[in-house]
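Take a look at the structure set out below.
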Number of protein chains: 2
Amino acid sequence: MTTPETSRGQHPLDMATFLEPLEGGRYRGHTSAAYANMVGPFGGIIAATLMNAIRIHPERLGEPLALTVNFAGPVSDGEFIVSTKVLRTNRTTQHWTVELTQGDQVGASATAVFATRRDTWSATEACFPAAAPATGLERATPIERVKWTAAYDMRFVRGQFSPAEDDNDQRDSVTTLWIRDEPPRPLDFISLTAICDAFFPRIFIRRPRWVPASTVSLTIYFHADADRLKLLDQRAVLGTARALHFGNGYFDQAAEIWSDDQALLASTHQVVYFKE
Amino acid sequence: MTTPETSRGQHPLDMATFLEPLEGGRYRGHTSAAYANMVGPFGGIIAATLMNAIRIHPERLGEPLALTVNFAGPVSDGEFIVSTKVLRTNRTTQHWTVELTQGDQVGASATAVFATRRDTWSATEACFPAAAPATGLERATPIERVKWTAAYDMRFVRGQFSPAEDDNDQRDSVTTLWIRDEPPRPLDFISLTAICDAFFPRIFIRRPRWVPASTVSLTIYFHADADRLKLLDQRAVLGTARALHFGNGYFDQAAEIWSDDQALLASTHQVVYFKE
């Protein structure tokens, strides 16, 4: 059943998102120590794995346009099953649902829209953030208790989480950083999906201390196509994130991912549980 | 099977989102002429109907936190079936999938997270938009070919769609407007869900002319709880929307819905197909 597309790559990201095809649109995956979070796996690697299940599916049409992942419950270290279902295939769009299960428990569910794209009028209204080039900034030290941070080269322009240095409330929760896979890997929809969840919970930035926080639902809209991503190769992308509202145990945050030549690659939103 | 909660209200919104309970978490609904779009129903009324299916479900826990609706294909005028499924119930959150079908075709699918909320630290980083009070503005004339616009009282602060007056490209796609149900109806999660999709496709504002455009995927994060909405009663809410990026046949737009006393009620995002 293994096709060239599903064969295991050498990069830790490809190993972490590797899926063994089973019958009926189902796949077997395994959590990866390189992408561990404080509890369970990094949400971005789950999102990337669900995206990968569609990517390698023989019925897939086109490229990712929209992905929503709902993190339903804790995912334990070990094996999991990813089940995919095509809800509807139109001429240029295709609608999917995906579920990650362990035993009879749903750990995550997702919906995705894939599409074939065509050339149209184009404009960007979002603003490319002010940022010094990545080369002039130092790589942030990975955080020991958040293993997956070592899988990225992150260079912060502003809004780095630093609970030891300053635990006063900040005026806002904005973070801008250059980020790429570490070791370097050519950018594609799998790595871009994971990067969309690589922003720390905004409560950590606004009130710089450790509190329980976890993403409940994540949505990504993809603006770049595969050719555009391929051109970027291993270059770092620029991410910028901010919160909209915190209250009653949840907050939402919005982010954009830009290429270094100022193309908007993806916009992403999430709602996050927090305890304070 | 009809419970007080599912009994048909007198308001057109309640009639349009009315669902007759069937077996096994399924419901029967019917499209409504009052919420017709140029082709098929207004997306907001579909989203509100899917939300209503969860609201009236006997196993529902808590209140809406996140909703994503994927518009998979055209919905024809007439009957449809809404199927609900609880994926997972945790102590304070509950994960749902919902599908709208006509015959064997999926017209729309949704995922939702409901939650019980508790008092926590609170802050708003999104900015309440500059806006004259609704009372000083004139109600916009409903657009004949977009029937659902007559179901709202809309008073535009800026960014009204006016293709006849000016078909030059605009500098941005921002709209800010006061909006409430017409006739007036107390605000709740059903009406708020529909209002989140009441912003015209941003391409209509940026390039003021009619082009084919339709929402592919819509996500809403709810910040207000039921008590907060109840206090607002029939007052208009303030909505503000903008595009992030247009290109290759799709664009995304982001919006916030505020109370007149400056509480962020919901943030919402969508990706939209357009032909240009």
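Ordering of the structure tokens sets the chain letters (A, B, ...), residue numbers begin anew at 1 in every chain, and ligands are numbered from 1 in the order given.
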### Message
At a cut-off of 6 Å, which residues of chain B touch chain A? Count only C-alpha atoms and give the answer as an MDAnalysis selection string.
### Response
chainID B and resid 117:120 122:126 244:249
Those residues with N, CA and C atoms, as an mmCIF file, in the first residue's frame please?
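Wrote result_22.cif, looks like this:
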data_model
loop_
_atom_site.group_PDB
_atom_site.id
_atom_site.type_symbol
_atom_site.label_atom_id
_atom_site.label_comp_id
_atom_site.auth_asym_id
_atom_site.auth_seq_id
_atom_site.Cartn_x
_atom_site.Cartn_y
_atom_site.Cartn_z
ATOM 1 N N ARG B 117 -18.903 27.975 31.089
ATOM 2 C CA ARG B 117 -17.897 29.001 31.304
ATOM 3 C C ARG B 117 -17.848 29.398 32.765
ATOM 4 N N ARG B 118 -16.752 30.022 33.155
ATOM 5 C CA ARG B 118 -16.597 30.439 34.543
ATOM 6 C C ARG B 118 -15.874 31.780 34.566
ATOM 7 N N ASP B 119 -15.993 32.474 35.647
ATOM 8 C CA ASP B 119 -15.400 33.799 35.763
ATOM 9 C C ASP B 119 -13.870 33.708 35.809
ATOM 10 N N THR B 120 -13.190 34.503 34.959
ATOM 11 C CA THR B 120 -11.721 34.565 34.982
ATOM 12 C C THR B 120 -11.286 35.998 34.728
ATOM 13 N N SER B 122 -10.078 39.010 32.611
ATOM 14 C CA SER B 122 -10.677 39.372 31.330
ATOM 15 C C SER B 122 -10.014 40.616 30.752
ATOM 16 N N ALA B 123 -9.860 40.658 29.454
ATOM 17 C CA ALA B 123 -9.323 41.846 28.778
ATOM 18 C C ALA B 123 -9.679 41.765 27.298
ATOM 19 N N THR B 124 -9.819 42.912 26.669
ATOM 20 C CA THR B 124 -10.098 42.952 25.234
ATOM 21 C C THR B 124 -8.983 43.716 24.534
ATOM 22 N N GLU B 125 -8.361 43.096 23.542
ATOM 23 C CA GLU B 125 -7.304 43.772 22.777
ATOM 24 C C GLU B 125 -7.818 44.304 21.439
ATOM 25 N N ALA B 126 -8.859 43.667 20.906
ATOM 26 C CA ALA B 126 -9.461 44.200 19.678
ATOM 27 C C ALA B 126 -10.021 45.594 19.984
ATOM 28 N N LEU B 244 -8.359 40.174 4.378
ATOM 29 C CA LEU B 244 -6.916 40.065 4.600
ATOM 30 C C LEU B 244 -6.188 39.913 3.271
ATOM 31 N N HIS B 245 -6.644 38.956 2.449
ATOM 32 C CA HIS B 245 -5.966 38.720 1.175
ATOM 33 C C HIS B 245 -6.938 38.181 0.126
ATOM 34 N N PHE B 246 -6.861 38.746 -1.072
ATOM 35 C CA PHE B 246 -7.602 38.264 -2.243
ATOM 36 C C PHE B 246 -6.600 37.647 -3.215
ATOM 37 N N GLY B 247 -6.910 36.494 -3.798
ATOM 38 C CA GLY B 247 -6.021 35.970 -4.828
ATOM 39 C C GLY B 247 -6.360 34.549 -5.217
ATOM 40 N N ASN B 248 -6.105 34.191 -6.487
ATOM 41 C CA ASN B 248 -6.308 32.830 -6.977
ATOM 42 C C ASN B 248 -7.697 32.287 -6.660
ATOM 43 N N GLY B 249 -8.691 33.162 -6.803
ATOM 44 C CA GLY B 249 -10.070 32.689 -6.731
ATOM 45 C C GLY B 249 -10.710 32.685 -5.357
#
Using every C-alpha atom paired in order, could you least-squares fit chain B onto chain A and give me the moved chain as a tab-separated table (two decimals) with C-alpha atoms, in the first residue's frame?
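Output contents, as saved in superposed32.tsv:
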chain	number	residue	atom	x	y	z
B	1	MET	CA	0.15	-0.15	0.21
B	2	THR	CA	3.03	2.26	0.71
B	3	THR	CA	3.35	4.68	-2.18
B	4	PRO	CA	6.29	7.03	-2.79
B	5	GLU	CA	4.20	9.88	-1.32
B	6	THR	CA	3.69	8.06	1.97
B	7	SER	CA	7.24	6.76	2.37
B	8	ARG	CA	8.94	7.96	5.50
B	9	GLY	CA	11.13	11.02	5.02
B	10	GLN	CA	14.25	11.61	7.03
B	11	HIS	CA	13.18	14.91	8.61
B	12	PRO	CA	11.65	14.71	12.14
B	13	LEU	CA	8.53	16.51	10.84
B	14	ASP	CA	8.01	13.86	8.18
B	15	MET	CA	8.55	11.10	10.72
B	16	ALA	CA	6.13	12.71	13.18
B	17	THR	CA	3.37	13.11	10.57
B	18	PHE	CA	4.01	9.75	8.89
B	19	LEU	CA	0.86	7.69	8.35
B	20	GLU	CA	0.60	4.04	7.41
B	21	PRO	CA	-2.39	3.52	5.09
B	22	LEU	CA	-5.00	1.01	6.31
B	23	GLU	CA	-8.32	0.08	4.69
B	24	GLY	CA	-11.16	2.51	3.94
B	25	GLY	CA	-9.44	5.89	4.14
B	26	ARG	CA	-7.93	5.07	7.53
B	27	TYR	CA	-4.31	5.49	8.58
B	28	ARG	CA	-2.16	4.54	11.54
B	29	GLY	CA	0.13	7.13	13.08
B	30	HIS	CA	2.29	7.46	16.18
B	31	THR	CA	3.13	10.39	18.43
B	32	SER	CA	6.69	11.70	18.26
B	33	ALA	CA	8.96	12.68	21.16
B	34	ALA	CA	10.43	15.48	19.03
B	35	TYR	CA	7.04	17.25	18.95
B	36	ALA	CA	5.90	16.61	22.51
B	37	ASN	CA	4.17	19.41	24.38
B	38	MET	CA	4.02	19.69	28.17
B	39	VAL	CA	1.15	17.18	28.09
B	40	GLY	CA	0.63	15.11	24.94
B	41	PRO	CA	1.71	16.20	21.45
B	42	PHE	CA	2.08	19.77	20.12
B	43	GLY	CA	-1.29	20.74	18.57
B	44	GLY	CA	0.45	21.87	15.39
B	45	ILE	CA	1.80	18.38	14.76
B	46	ILE	CA	-1.69	16.92	15.18
B	47	ALA	CA	-3.07	19.46	12.71
B	48	ALA	CA	-0.21	18.69	10.28
B	49	THR	CA	-0.83	14.94	10.62
B	50	LEU	CA	-4.56	15.33	9.85
B	51	MET	CA	-3.61	17.49	6.86
B	52	ASN	CA	-1.16	14.80	5.75
B	53	ALA	CA	-3.92	12.17	5.80
B	54	ILE	CA	-5.78	14.15	3.15
B	55	ARG	CA	-2.61	14.93	1.20
B	56	ILE	CA	-1.80	11.25	0.71
B	57	HIS	CA	-5.41	10.18	0.11
B	58	PRO	CA	-5.82	8.82	-3.44
B	59	GLU	CA	-9.08	10.77	-3.98
B	60	ARG	CA	-7.66	14.16	-3.01
B	61	LEU	CA	-8.43	17.02	-5.38
B	62	GLY	CA	-6.30	20.17	-5.41
B	63	GLU	CA	-4.57	21.91	-2.54
B	64	PRO	CA	-5.56	23.03	0.98
B	65	LEU	CA	-7.79	26.10	1.20
B	66	ALA	CA	-9.25	25.84	4.74
B	67	LEU	CA	-8.59	23.61	7.73
B	68	THR	CA	-10.34	23.57	11.11
B	69	VAL	CA	-9.08	21.27	13.85
B	70	ASN	CA	-11.00	20.77	17.10
B	71	PHE	CA	-8.91	19.36	19.92
B	72	ALA	CA	-11.51	17.19	21.61
B	73	GLY	CA	-9.42	15.70	24.38
B	74	PRO	CA	-5.94	14.64	25.46
B	75	VAL	CA	-3.93	12.53	22.99
B	76	SER	CA	-1.78	9.94	24.76
B	77	ASP	CA	1.74	9.07	23.66
B	78	GLY	CA	1.61	6.11	21.29
B	79	GLU	CA	-0.45	4.98	18.32
B	80	PHE	CA	-3.54	6.61	16.91
B	81	ILE	CA	-5.89	6.07	13.98
B	82	VAL	CA	-6.78	8.82	11.50
B	83	SER	CA	-10.06	8.30	9.59
B	84	THR	CA	-10.82	10.42	6.53
B	85	LYS	CA	-14.07	10.92	4.66
B	86	VAL	CA	-14.85	12.89	1.52
B	87	LEU	CA	-18.16	14.65	2.16
B	88	ARG	CA	-18.51	16.16	-1.27
B	89	THR	CA	-16.43	16.69	-4.39
B	90	ASN	CA	-17.34	19.58	-6.64
B	91	ARG	CA	-15.70	20.72	-9.86
B	92	THR	CA	-13.05	22.81	-8.07
B	93	THR	CA	-13.54	22.15	-4.34
B	94	GLN	CA	-13.57	19.10	-2.13
B	95	HIS	CA	-14.91	18.88	1.44
B	96	TRP	CA	-13.37	16.52	4.01
B	97	THR	CA	-13.86	15.39	7.57
B	98	VAL	CA	-11.02	13.77	9.49
B	99	GLU	CA	-10.94	12.19	12.95
B	100	LEU	CA	-8.07	11.11	15.17
B	101	THR	CA	-9.03	8.33	17.58
B	102	GLN	CA	-7.28	6.29	20.25
B	103	GLY	CA	-9.41	3.28	21.17
B	104	ASP	CA	-12.99	4.53	21.15
B	105	GLN	CA	-12.09	8.09	22.14
B	106	VAL	CA	-11.95	10.98	19.65
B	107	GLY	CA	-8.78	12.97	20.33
B	108	ALA	CA	-9.25	15.50	17.51
B	109	SER	CA	-11.60	16.14	14.63
B	110	ALA	CA	-11.12	18.29	11.59
B	111	THR	CA	-12.84	19.59	8.53
B	112	ALA	CA	-10.93	20.69	5.46
B	113	VAL	CA	-11.66	22.24	2.11
B	114	PHE	CA	-9.29	21.55	-0.75
B	115	ALA	CA	-9.49	23.46	-4.03
B	116	THR	CA	-7.95	23.84	-7.43
B	117	ARG	CA	-7.00	27.46	-7.85
B	118	ARG	CA	-6.81	29.78	-10.83
B	119	ASP	CA	-5.33	33.17	-11.57
B	120	THR	CA	-7.53	36.13	-10.52
B	121	TRP	CA	-7.29	39.74	-9.41
B	122	SER	CA	-5.18	39.87	-6.26
B	123	ALA	CA	-4.61	42.26	-3.37
B	124	THR	CA	-3.46	42.10	0.24
B	125	GLU	CA	-5.05	44.29	2.91
B	126	ALA	CA	-3.34	42.75	5.93
B	127	CYS	CA	-0.13	44.62	6.81
B	128	PHE	CA	3.30	43.02	6.71
B	129	PRO	CA	4.65	43.60	10.22
B	130	ALA	CA	7.68	45.73	10.95
B	131	ALA	CA	10.56	43.30	11.47
B	132	ALA	CA	14.34	43.27	11.35
B	133	PRO	CA	15.72	40.52	9.06
B	134	ALA	CA	16.05	37.06	10.66
B	135	THR	CA	19.80	37.04	10.08
B	136	GLY	CA	20.31	39.95	12.49
B	137	LEU	CA	18.44	38.22	15.34
B	138	GLU	CA	19.56	35.45	17.66
B	139	ARG	CA	17.83	32.11	17.75
B	140	ALA	CA	15.72	31.79	20.91
B	141	THR	CA	16.79	29.05	23.29
B	142	PRO	CA	14.30	26.17	23.14
B	143	ILE	CA	12.19	25.76	26.28
B	144	GLU	CA	13.07	22.51	28.05
B	145	ARG	CA	9.54	21.67	29.23
B	146	VAL	CA	8.05	22.41	25.79
B	147	LYS	CA	9.97	19.87	23.70
B	148	TRP	CA	8.57	20.91	20.32
B	149	THR	CA	10.18	24.34	20.59
B	150	ALA	CA	13.53	22.60	19.82
B	151	ALA	CA	12.04	21.52	16.46
B	152	TYR	CA	11.99	25.16	15.34
B	153	ASP	CA	14.45	27.97	14.78
B	154	MET	CA	12.57	30.93	16.29
B	155	ARG	CA	13.93	34.47	16.20
B	156	PHE	CA	11.73	36.93	18.03
B	157	VAL	CA	11.19	40.46	16.76
B	158	ARG	CA	8.89	41.14	19.71
B	159	GLY	CA	6.69	39.36	22.23
B	160	GLN	CA	8.93	36.46	23.30
B	161	PHE	CA	7.60	34.53	26.30
B	162	SER	CA	10.00	35.20	29.18
B	163	PRO	CA	8.32	34.51	32.52
B	164	ALA	CA	11.55	34.65	34.55
B	165	GLU	CA	12.52	38.15	33.51
B	166	ASP	CA	9.27	40.02	33.84
B	167	ASP	CA	5.98	38.89	35.28
B	168	ASN	CA	4.18	42.22	35.03
B	169	ASP	CA	1.17	42.34	32.75
B	170	GLN	CA	2.04	43.58	29.27
B	171	ARG	CA	0.04	46.18	27.33
B	172	ASP	CA	-0.78	43.70	24.58
B	173	SER	CA	-0.15	40.11	23.55
B	174	VAL	CA	1.50	40.72	20.17
B	175	THR	CA	4.32	38.42	19.05
B	176	THR	CA	6.26	38.75	15.81
B	177	LEU	CA	8.91	36.14	15.01
B	178	TRP	CA	10.87	34.50	12.21
B	179	ILE	CA	10.36	30.76	12.28
B	180	ARG	CA	11.53	27.72	10.31
B	181	ASP	CA	11.88	24.01	10.91
B	182	GLU	CA	15.03	22.94	12.72
B	183	PRO	CA	16.82	21.18	11.07
B	184	PRO	CA	15.84	23.18	7.95
B	185	ARG	CA	13.25	21.58	5.66
B	186	PRO	CA	11.59	22.91	2.48
B	187	LEU	CA	8.29	24.63	3.31
B	188	ASP	CA	5.11	22.82	2.26
B	189	PHE	CA	1.51	22.62	3.50
B	190	ILE	CA	2.50	20.15	6.23
B	191	SER	CA	5.12	22.39	7.81
B	192	LEU	CA	3.04	25.53	7.24
B	193	THR	CA	0.09	23.92	9.06
B	194	ALA	CA	2.24	23.10	12.08
B	195	ILE	CA	3.80	26.58	12.11
B	196	CYS	CA	0.29	28.12	12.26
B	197	ASP	CA	-0.01	26.64	15.78
B	198	ALA	CA	3.53	27.53	16.91
B	199	PHE	CA	2.46	30.77	18.61
B	200	PHE	CA	2.30	30.38	22.37
B	201	PRO	CA	-1.07	30.96	24.03
B	202	ARG	CA	-1.44	34.75	24.07
B	203	ILE	CA	-2.19	34.72	27.81
B	204	PHE	CA	1.52	33.78	28.29
B	205	ILE	CA	2.56	36.99	26.54
B	206	ARG	CA	-0.04	39.33	28.03
B	207	ARG	CA	0.58	38.02	31.58
B	208	PRO	CA	4.07	36.47	31.42
B	209	ARG	CA	3.73	33.40	33.63
B	210	TRP	CA	2.87	29.71	33.23
B	211	VAL	CA	-0.85	28.99	33.44
B	212	PRO	CA	-2.82	25.99	32.16
B	213	ALA	CA	-3.83	26.79	28.56
B	214	SER	CA	-4.70	24.66	25.54
B	215	THR	CA	-6.08	25.25	22.07
B	216	VAL	CA	-9.69	24.13	21.67
B	217	SER	CA	-10.23	24.95	17.99
B	218	LEU	CA	-7.82	26.08	15.27
B	219	THR	CA	-8.66	27.36	11.79
B	220	ILE	CA	-6.22	28.03	8.95
B	221	TYR	CA	-6.90	29.69	5.58
B	222	PHE	CA	-4.18	29.01	3.02
B	223	HIS	CA	-3.36	31.77	0.56
B	224	ALA	CA	-0.22	30.33	-1.02
B	225	ASP	CA	-0.24	27.46	-3.48
B	226	ALA	CA	2.30	24.61	-3.55
B	227	ASP	CA	4.47	26.33	-6.16
B	228	ARG	CA	4.68	29.47	-4.03
B	229	LEU	CA	5.72	27.47	-0.98
B	230	LYS	CA	8.28	25.50	-3.00
B	231	LEU	CA	10.04	28.74	-4.03
B	232	LEU	CA	10.54	29.63	-0.36
B	233	ASP	CA	12.46	26.38	0.17
B	234	GLN	CA	14.07	26.41	3.63
B	235	ARG	CA	13.79	30.14	4.30
B	236	ALA	CA	12.23	31.29	7.56
B	237	VAL	CA	8.71	32.74	7.47
B	238	LEU	CA	7.48	35.72	9.49
B	239	GLY	CA	4.61	35.09	11.88
B	240	THR	CA	2.65	37.67	13.83
B	241	ALA	CA	-0.06	36.91	16.39
B	242	ARG	CA	-2.35	38.82	18.75
B	243	ALA	CA	-5.31	38.16	21.03
B	244	LEU	CA	-8.75	39.67	20.50
B	245	HIS	CA	-10.52	38.93	23.78
B	246	PHE	CA	-9.81	37.07	27.03
B	247	GLY	CA	-12.65	36.18	29.39
B	248	ASN	CA	-14.69	33.46	31.12
B	249	GLY	CA	-12.03	30.82	30.68
B	250	TYR	CA	-11.27	31.27	26.97
B	251	PHE	CA	-9.56	33.67	24.61
B	252	ASP	CA	-9.13	33.87	20.85
B	253	GLN	CA	-6.02	34.77	18.91
B	254	ALA	CA	-5.39	35.67	15.26
B	255	ALA	CA	-2.15	35.33	13.32
B	256	GLU	CA	-0.71	35.72	9.86
B	257	ILE	CA	2.23	33.90	8.28
B	258	TRP	CA	4.23	35.85	5.69
B	259	SER	CA	7.09	34.99	3.36
B	260	ASP	CA	10.23	37.09	3.67
B	261	ASP	CA	9.26	38.73	0.35
B	262	GLN	CA	5.99	39.89	1.93
B	263	ALA	CA	3.46	37.44	0.49
B	264	LEU	CA	0.69	36.40	2.90
B	265	LEU	CA	0.95	32.60	3.02
B	266	ALA	CA	-1.77	31.83	5.57
B	267	SER	CA	-4.07	33.46	8.11
B	268	THR	CA	-5.00	31.51	11.21
B	269	HIS	CA	-7.26	31.82	14.24
B	270	GLN	CA	-7.78	29.82	17.38
B	271	VAL	CA	-9.79	29.76	20.56
B	272	VAL	CA	-7.90	28.68	23.65
B	273	TYR	CA	-8.88	27.46	27.10
B	274	PHE	CA	-7.03	29.07	30.00
B	275	LYS	CA	-7.11	28.92	33.79
B	276	GLU	CA	-6.20	32.03	35.71
### Task
Write out as number ranges by chain all residues of stretch 80-182 of chain B that DSSP puts in strand (DSSP E or B) for this structure's backbone.
B: 80-89, 93-102, 105-115, 123-124, 152-158, 175-181
